[in-house]
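Down below is the structure, laid out as structure tokens.
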Amino acid sequence: MSELVTGEAVALELRPARLPSRALAVLLDLAVAVAVYVAVTIVLVASTASLDMAAQTALSIAAFVLVLVGGPIAVETLSHGRSLGKMACGLRVVRDDGGPIRFRHSLVRGLIGVIEILMTFGVVACIASLVSARGRRLGDVFAGTLVVRERVPVPVTGFIPPPPPWLAGRFSDLDLSAVPDDLWLAVRQCLTRLGQLDPRVGWAMAERLAADVAARTGAPAPREVPPAAYLAAMMHERQAREARRAFGSALSGGGAPTAGVPSVAETVAPPPPARPAAPPVPPSAAPPAAPPSASSDGRPGTGFVPPA
């Protein structure tokens, strides 16, 4: 695990990719690029058969440069560091500070990659990756980038403070689909590490992240709400929606009960209705009491009969 410190003094825990996974990603990218190059070459040969040899050679070189050099650069730029091979291996190219790469980073990596990967069959890239402490090749060193792993278990690094009670549920009607995952990750790291930052630095970072979230959701933070509380309310709303998507039927109580699992109505049965009390019997309707029997000596009987 490697810690990268951003300009806002926030340490990002990233795991640099090592040589085996990077080599597999490069092989997948090269296989796709070669397949596209062969298809483009066949089309060019069929469509330029009437041209002279010099024109065909120029078109072949242009196709080679565009497909094998310009293609990976365009894909990494548009996907923010995730080519097809890196997507399959769970890797991503980021800047040294953990931010997304831009066109200039992809351009430097692609141009140097022609020398250390294509022309030397990857020997220079392998040696540089083995020597580097973070597995970087020459293209990463000159471009100021780093290839990291994305499919890693996320450790619990801290506690996200809950939003104020009067702010919970206030953003339940917002559309949060426009907020990217990397921004949610930055918000989570900011909230869990506010206690480790200088108060002014933490306030400035929370304010900047709140502005980014508000720009994508269209709901700015109210004036009386601190930026950290606004971010906590947004994160709480997102987690609540994810919980409803994952356990929607269980939380809502609807849908058919699972086989073998008793429902709530079966588990908690209603108490049986109480029996109505018998009405009191009036004295006039009561049956007459049997007169006490008299004993043989003339005294009133007690109802006891001695055994024979």
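All residue names refer to the structure tokens as shown: chains lettered A, B, ... in order, residues numbered from 1 in each chain, ligands numbered from 1 in order.
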Ala23 in chain A: which residues within 12 Å, counting only C-alpha atoms, same-chain residues fewer than 2 positions away excluded, as a ChimeraX atom specification? /A:17-21,25-30,85-86,89,91,117,121-123,125-127,129-130,135-137,147
List as JSON, numbers by chain the protein and nucleic acid residues near Arg109 in chain A, meaning an atom at most 9 Å away when only C-alpha atoms are counted, but skip any in the same chain fewer than 4 places from it. {"A": [73, 104, 105, 113, 114, 138, 139, 140, 141, 142, 143, 145]}
Would you put the residues from that selection into a file with C-alpha atoms, as a PDB file, in the first residue's frame?
```
ATOM      1  CA  ILE A  73      -3.460   7.584 -26.253  1.00  0.00           C
ATOM      2  CA  ARG A 104      -0.480  15.397 -22.005  1.00  0.00           C
ATOM      3  CA  HIS A 105       0.087  12.502 -19.597  1.00  0.00           C
ATOM      4  CA  GLY A 113       5.885   3.454 -24.859  1.00  0.00           C
ATOM      5  CA  VAL A 114       6.703   3.141 -28.564  1.00  0.00           C
ATOM      6  CA  LEU A 138       9.933   5.175 -18.084  1.00  0.00           C
ATOM      7  CA  GLY A 139       6.742   6.556 -19.567  1.00  0.00           C
ATOM      8  CA  ASP A 140       5.257   6.885 -16.081  1.00  0.00           C
ATOM      9  CA  VAL A 141       8.396   8.548 -14.741  1.00  0.00           C
ATOM     10  CA  PHE A 142       8.497  11.211 -17.454  1.00  0.00           C
ATOM     11  CA  ALA A 143       4.729  11.734 -17.481  1.00  0.00           C
ATOM     12  CA  THR A 145       1.882   9.040 -13.549  1.00  0.00           C
TER      13      THR A 145
END
```
Between A:Gln196, A:Ser47, A:Thr77, A:Gln239, which residue has the minimum interatomic distance to Trp184 in chain A, considering only C-alpha atoms?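 The closest residue to Trp184 in chain A is A:Gln239.
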Which is closer to Ala219 in chain A than all the others in A:Ala63, A:Leu84, A:Leu174, A:Ala240, using only C-alpha atoms? A:Leu174
Can you measure CA of Asp97 in chain A to CA of Pro72 in chain A for me? One decimal in Å is fine. 22.5 Å
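A straight line drawn from CA of Arg238 in chain A to CA of Ser79 in chain A is 24.0 Å long.
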Residue with smallest distance to Asp175 in chain A - pool A:Val213, A:Ala54, A:Met205, A:Leu111, counting only C-alpha atoms: A:Val213
Just asking: which residues within range 53-167 of chain A are helix (DSSP H, G or I) according to DSSP, as a PyMOL selection string? chain A and resi 53-78+84-89+103-119+123-131+138-143
Let's have the selection written as an mmCIF file, in the first residue's frame, with C-alpha atoms.
```cif
data_model
loop_
_atom_site.group_PDB
_atom_site.id
_atom_site.type_symbol
_atom_site.label_atom_id
_atom_site.label_comp_id
_atom_site.auth_asym_id
_atom_site.auth_seq_id
_atom_site.Cartn_x
_atom_site.Cartn_y
_atom_site.Cartn_z
ATOM 1 C CA MET A 53 3.895 1.824 -53.968
ATOM 2 C CA ALA A 54 4.948 5.087 -52.263
ATOM 3 C CA ALA A 55 1.357 6.091 -51.521
ATOM 4 C CA GLN A 56 0.563 2.641 -50.164
ATOM 5 C CA THR A 57 3.633 2.749 -47.930
ATOM 6 C CA ALA A 58 2.691 6.201 -46.597
ATOM 7 C CA LEU A 59 -0.830 5.051 -45.842
ATOM 8 C CA SER A 60 0.486 1.952 -44.069
ATOM 9 C CA ILE A 61 2.788 4.046 -41.867
ATOM 10 C CA ALA A 62 -0.047 6.454 -41.098
ATOM 11 C CA ALA A 63 -2.326 3.558 -40.161
ATOM 12 C CA PHE A 64 0.390 2.092 -37.927
ATOM 13 C CA VAL A 65 0.903 5.384 -36.095
ATOM 14 C CA LEU A 66 -2.806 6.107 -35.718
ATOM 15 C CA VAL A 67 -3.823 2.631 -34.548
ATOM 16 C CA LEU A 68 -0.870 1.487 -32.448
ATOM 17 C CA VAL A 69 0.142 4.893 -31.050
ATOM 18 C CA GLY A 70 -2.780 7.279 -31.350
ATOM 19 C CA GLY A 71 -5.404 4.670 -30.414
ATOM 20 C CA PRO A 72 -4.065 3.888 -26.913
ATOM 21 C CA ILE A 73 -3.460 7.584 -26.253
ATOM 22 C CA ALA A 74 -7.042 8.466 -27.194
ATOM 23 C CA VAL A 75 -8.512 5.588 -25.184
ATOM 24 C CA GLU A 76 -6.548 6.443 -22.023
ATOM 25 C CA THR A 77 -7.415 10.128 -22.342
ATOM 26 C CA LEU A 78 -11.148 9.578 -22.840
ATOM 27 C CA LEU A 84 -9.318 -2.163 -22.355
ATOM 28 C CA GLY A 85 -6.537 -4.240 -20.845
ATOM 29 C CA LYS A 86 -6.480 -2.179 -17.664
ATOM 30 C CA MET A 87 -10.248 -2.490 -17.325
ATOM 31 C CA ALA A 88 -9.939 -6.273 -17.588
ATOM 32 C CA CYS A 89 -7.152 -6.366 -14.976
ATOM 33 C CA PHE A 103 -4.058 14.296 -22.641
ATOM 34 C CA ARG A 104 -0.480 15.397 -22.005
ATOM 35 C CA HIS A 105 0.087 12.502 -19.597
ATOM 36 C CA SER A 106 -1.295 9.993 -22.072
ATOM 37 C CA LEU A 107 0.737 11.546 -24.895
ATOM 38 C CA VAL A 108 4.041 11.263 -23.017
ATOM 39 C CA ARG A 109 3.261 7.695 -21.928
ATOM 40 C CA GLY A 110 2.284 6.691 -25.457
ATOM 41 C CA LEU A 111 5.302 8.226 -27.197
ATOM 42 C CA ILE A 112 7.801 6.729 -24.769
ATOM 43 C CA GLY A 113 5.885 3.454 -24.859
ATOM 44 C CA VAL A 114 6.703 3.141 -28.564
ATOM 45 C CA ILE A 115 10.396 2.939 -27.646
ATOM 46 C CA GLU A 116 10.292 0.896 -24.442
ATOM 47 C CA ILE A 117 7.457 -1.464 -25.414
ATOM 48 C CA LEU A 118 7.130 -1.744 -29.204
ATOM 49 C CA MET A 119 10.708 -1.271 -30.370
ATOM 50 C CA VAL A 123 12.395 -5.386 -22.279
ATOM 51 C CA VAL A 124 13.106 -1.791 -21.220
ATOM 52 C CA ALA A 125 9.648 -1.435 -19.662
ATOM 53 C CA CYS A 126 10.087 -4.665 -17.671
ATOM 54 C CA ILE A 127 13.505 -3.644 -16.356
ATOM 55 C CA ALA A 128 12.296 -0.174 -15.380
ATOM 56 C CA SER A 129 9.235 -1.622 -13.654
ATOM 57 C CA LEU A 130 11.329 -4.076 -11.676
ATOM 58 C CA VAL A 131 13.797 -1.409 -10.596
ATOM 59 C CA LEU A 138 9.933 5.175 -18.084
ATOM 60 C CA GLY A 139 6.742 6.556 -19.567
ATOM 61 C CA ASP A 140 5.257 6.885 -16.081
ATOM 62 C CA VAL A 141 8.396 8.548 -14.741
ATOM 63 C CA PHE A 142 8.497 11.211 -17.454
ATOM 64 C CA ALA A 143 4.729 11.734 -17.481
#
```
Mind pulling up the distance from CA of Arg82 in chain A to CA of Asp182 in chain A? 13.4 Å
Can you pull out the residues contacting Pro227 in chain A? Cut-off 9 Å, using only C-alpha atoms, and skip same-chain residues under 3 positions away; I want them as a ChimeraX atom specification. /A:203-211,221,230-232
Given the selection you just returned, output its residues as a file containing all heavy atoms, formatted as a short mmCIF file (atom, residue, chain, number, x, y, z; two decimals), in the first residue's frame.
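Heads up, here's the output in result_24.cif:
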```cif
data_model
loop_
_atom_site.label_atom_id
_atom_site.label_comp_id
_atom_site.auth_asym_id
_atom_site.auth_seq_id
_atom_site.Cartn_x
_atom_site.Cartn_y
_atom_site.Cartn_z
N TRP A 203 -11.60 22.75 6.22
CA TRP A 203 -12.73 23.57 5.78
C TRP A 203 -12.61 23.91 4.29
O TRP A 203 -13.59 23.83 3.56
CB TRP A 203 -12.80 24.84 6.61
CG TRP A 203 -13.95 25.73 6.25
CD1 TRP A 203 -14.01 26.63 5.23
CD2 TRP A 203 -15.22 25.79 6.90
NE1 TRP A 203 -15.22 27.25 5.20
CE2 TRP A 203 -16.00 26.76 6.21
CE3 TRP A 203 -15.78 25.14 7.98
CZ2 TRP A 203 -17.30 27.07 6.58
CZ3 TRP A 203 -17.07 25.46 8.36
CH2 TRP A 203 -17.80 26.41 7.66
N ALA A 204 -11.40 24.26 3.85
CA ALA A 204 -11.21 24.61 2.44
C ALA A 204 -11.45 23.40 1.53
O ALA A 204 -12.08 23.53 0.47
CB ALA A 204 -9.79 25.15 2.22
N MET A 205 -10.98 22.24 1.94
CA MET A 205 -11.19 21.07 1.12
C MET A 205 -12.66 20.67 1.08
O MET A 205 -13.21 20.32 0.02
CB MET A 205 -10.35 19.91 1.65
CG MET A 205 -10.45 18.67 0.79
SD MET A 205 -9.41 17.34 1.39
CE MET A 205 -9.77 16.11 0.13
N ALA A 206 -13.34 20.70 2.24
CA ALA A 206 -14.77 20.39 2.26
C ALA A 206 -15.56 21.39 1.44
O ALA A 206 -16.53 21.01 0.74
CB ALA A 206 -15.27 20.37 3.71
N GLU A 207 -15.15 22.65 1.47
CA GLU A 207 -15.85 23.67 0.67
C GLU A 207 -15.67 23.41 -0.83
O GLU A 207 -16.62 23.55 -1.61
CB GLU A 207 -15.33 25.05 1.05
CG GLU A 207 -16.16 26.20 0.51
CD GLU A 207 -15.70 27.53 1.07
OE1 GLU A 207 -14.56 27.61 1.58
OE2 GLU A 207 -16.48 28.49 1.00
N ARG A 208 -14.46 23.01 -1.23
CA ARG A 208 -14.23 22.73 -2.65
C ARG A 208 -15.00 21.49 -3.10
O ARG A 208 -15.61 21.49 -4.18
CB ARG A 208 -12.73 22.52 -2.89
CG ARG A 208 -12.37 22.27 -4.34
CD ARG A 208 -10.88 22.11 -4.51
NE ARG A 208 -10.37 20.98 -3.77
CZ ARG A 208 -10.42 19.71 -4.22
NH1 ARG A 208 -10.97 19.45 -5.40
NH2 ARG A 208 -9.93 18.73 -3.50
N LEU A 209 -15.00 20.44 -2.28
CA LEU A 209 -15.75 19.24 -2.64
C LEU A 209 -17.25 19.51 -2.65
O LEU A 209 -17.98 18.98 -3.50
CB LEU A 209 -15.43 18.12 -1.66
CG LEU A 209 -14.01 17.54 -1.74
CD1 LEU A 209 -13.79 16.52 -0.63
CD2 LEU A 209 -13.76 16.92 -3.10
N ALA A 210 -17.73 20.33 -1.72
CA ALA A 210 -19.16 20.68 -1.71
C ALA A 210 -19.53 21.44 -2.97
O ALA A 210 -20.62 21.23 -3.53
CB ALA A 210 -19.49 21.48 -0.46
N ALA A 211 -18.64 22.31 -3.44
CA ALA A 211 -18.91 23.03 -4.68
C ALA A 211 -18.95 22.08 -5.88
O ALA A 211 -19.80 22.22 -6.78
CB ALA A 211 -17.85 24.12 -4.90
N ALA A 221 -25.23 24.03 -1.21
CA ALA A 221 -25.43 23.93 0.24
C ALA A 221 -26.08 25.21 0.76
O ALA A 221 -25.72 26.31 0.34
CB ALA A 221 -24.09 23.70 0.93
N TYR A 230 -22.96 19.43 4.84
CA TYR A 230 -23.59 19.23 3.53
C TYR A 230 -23.08 17.96 2.86
O TYR A 230 -23.87 17.16 2.33
CB TYR A 230 -23.30 20.46 2.67
CG TYR A 230 -23.69 20.31 1.21
CD1 TYR A 230 -25.01 20.44 0.81
CD2 TYR A 230 -22.72 20.07 0.24
CE1 TYR A 230 -25.36 20.31 -0.53
CE2 TYR A 230 -23.06 19.95 -1.09
CZ TYR A 230 -24.37 20.08 -1.48
OH TYR A 230 -24.71 19.95 -2.79
N LEU A 231 -21.76 17.73 2.91
CA LEU A 231 -21.20 16.51 2.33
C LEU A 231 -21.68 15.28 3.08
O LEU A 231 -21.95 14.23 2.47
CB LEU A 231 -19.68 16.58 2.36
CG LEU A 231 -19.03 17.65 1.46
CD1 LEU A 231 -17.53 17.65 1.66
CD2 LEU A 231 -19.38 17.42 0.00
N ALA A 232 -21.78 15.36 4.41
CA ALA A 232 -22.26 14.22 5.19
C ALA A 232 -23.71 13.89 4.84
O ALA A 232 -24.09 12.71 4.75
CB ALA A 232 -22.13 14.52 6.69
#
```
Out of range 66-118 of chain A, which residues get strand (DSSP E or B) from DSSP, as a PDB file with all heavy atoms, in the first residue's frame?
```pdb
ATOM      1  N   LEU A  91      -7.017  -2.135 -13.359  1.00  0.00           N
ATOM      2  CA  LEU A  91      -5.968  -1.139 -13.166  1.00  0.00           C
ATOM      3  C   LEU A  91      -6.434   0.207 -13.685  1.00  0.00           C
ATOM      4  O   LEU A  91      -7.391   0.314 -14.440  1.00  0.00           O
ATOM      5  CB  LEU A  91      -4.683  -1.566 -13.897  1.00  0.00           C
ATOM      6  CG  LEU A  91      -4.145  -2.962 -13.616  1.00  0.00           C
ATOM      7  CD1 LEU A  91      -2.881  -3.207 -14.412  1.00  0.00           C
ATOM      8  CD2 LEU A  91      -3.900  -3.163 -12.132  1.00  0.00           C
ATOM      9  N   ARG A  92      -5.711   1.245 -13.258  1.00  0.00           N
ATOM     10  CA  ARG A  92      -5.995   2.598 -13.724  1.00  0.00           C
ATOM     11  C   ARG A  92      -4.712   3.419 -13.643  1.00  0.00           C
ATOM     12  O   ARG A  92      -3.921   3.253 -12.715  1.00  0.00           O
ATOM     13  CB  ARG A  92      -7.085   3.273 -12.897  1.00  0.00           C
ATOM     14  CG  ARG A  92      -7.430   4.698 -13.359  1.00  0.00           C
ATOM     15  CD  ARG A  92      -8.332   5.391 -12.362  1.00  0.00           C
ATOM     16  NE  ARG A  92      -9.668   4.867 -12.396  1.00  0.00           N
ATOM     17  CZ  ARG A  92     -10.636   5.330 -13.203  1.00  0.00           C
ATOM     18  NH1 ARG A  92     -10.380   6.330 -14.032  1.00  0.00           N
ATOM     19  NH2 ARG A  92     -11.837   4.803 -13.159  1.00  0.00           N
ATOM     20  N   VAL A  93      -4.538   4.317 -14.614  1.00  0.00           N
ATOM     21  CA  VAL A  93      -3.406   5.244 -14.612  1.00  0.00           C
ATOM     22  C   VAL A  93      -3.857   6.539 -13.950  1.00  0.00           C
ATOM     23  O   VAL A  93      -4.867   7.129 -14.359  1.00  0.00           O
ATOM     24  CB  VAL A  93      -2.891   5.514 -16.037  1.00  0.00           C
ATOM     25  CG1 VAL A  93      -1.660   6.415 -16.000  1.00  0.00           C
ATOM     26  CG2 VAL A  93      -2.551   4.209 -16.741  1.00  0.00           C
ATOM     27  N   VAL A  94      -3.132   6.981 -12.928  1.00  0.00           N
ATOM     28  CA  VAL A  94      -3.441   8.229 -12.230  1.00  0.00           C
ATOM     29  C   VAL A  94      -2.182   9.079 -12.170  1.00  0.00           C
ATOM     30  O   VAL A  94      -1.078   8.613 -12.453  1.00  0.00           O
ATOM     31  CB  VAL A  94      -3.968   7.954 -10.801  1.00  0.00           C
ATOM     32  CG1 VAL A  94      -5.267   7.192 -10.830  1.00  0.00           C
ATOM     33  CG2 VAL A  94      -2.924   7.210  -9.976  1.00  0.00           C
ATOM     34  N   ARG A  95      -2.368  10.338 -11.807  1.00  0.00           N
ATOM     35  CA  ARG A  95      -1.219  11.205 -11.596  1.00  0.00           C
ATOM     36  C   ARG A  95      -0.514  10.853 -10.299  1.00  0.00           C
ATOM     37  O   ARG A  95      -0.999  10.061  -9.500  1.00  0.00           O
ATOM     38  CB  ARG A  95      -1.668  12.674 -11.570  1.00  0.00           C
ATOM     39  CG  ARG A  95      -2.341  13.160 -12.831  1.00  0.00           C
ATOM     40  CD  ARG A  95      -2.371  14.689 -12.825  1.00  0.00           C
ATOM     41  NE  ARG A  95      -2.945  15.221 -11.605  1.00  0.00           N
ATOM     42  CZ  ARG A  95      -4.188  15.659 -11.493  1.00  0.00           C
ATOM     43  NH1 ARG A  95      -5.004  15.594 -12.529  1.00  0.00           N
ATOM     44  NH2 ARG A  95      -4.632  16.155 -10.347  1.00  0.00           N
ATOM     45  N   PRO A 100      -6.958  12.281 -11.819  1.00  0.00           N
ATOM     46  CA  PRO A 100      -7.080  11.679 -13.151  1.00  0.00           C
ATOM     47  C   PRO A 100      -6.079  12.286 -14.124  1.00  0.00           C
ATOM     48  O   PRO A 100      -5.718  13.462 -14.015  1.00  0.00           O
ATOM     49  CB  PRO A 100      -8.522  11.984 -13.554  1.00  0.00           C
ATOM     50  CG  PRO A 100      -8.881  13.205 -12.767  1.00  0.00           C
ATOM     51  CD  PRO A 100      -8.132  13.112 -11.476  1.00  0.00           C
TER      52      PRO A 100
END
```
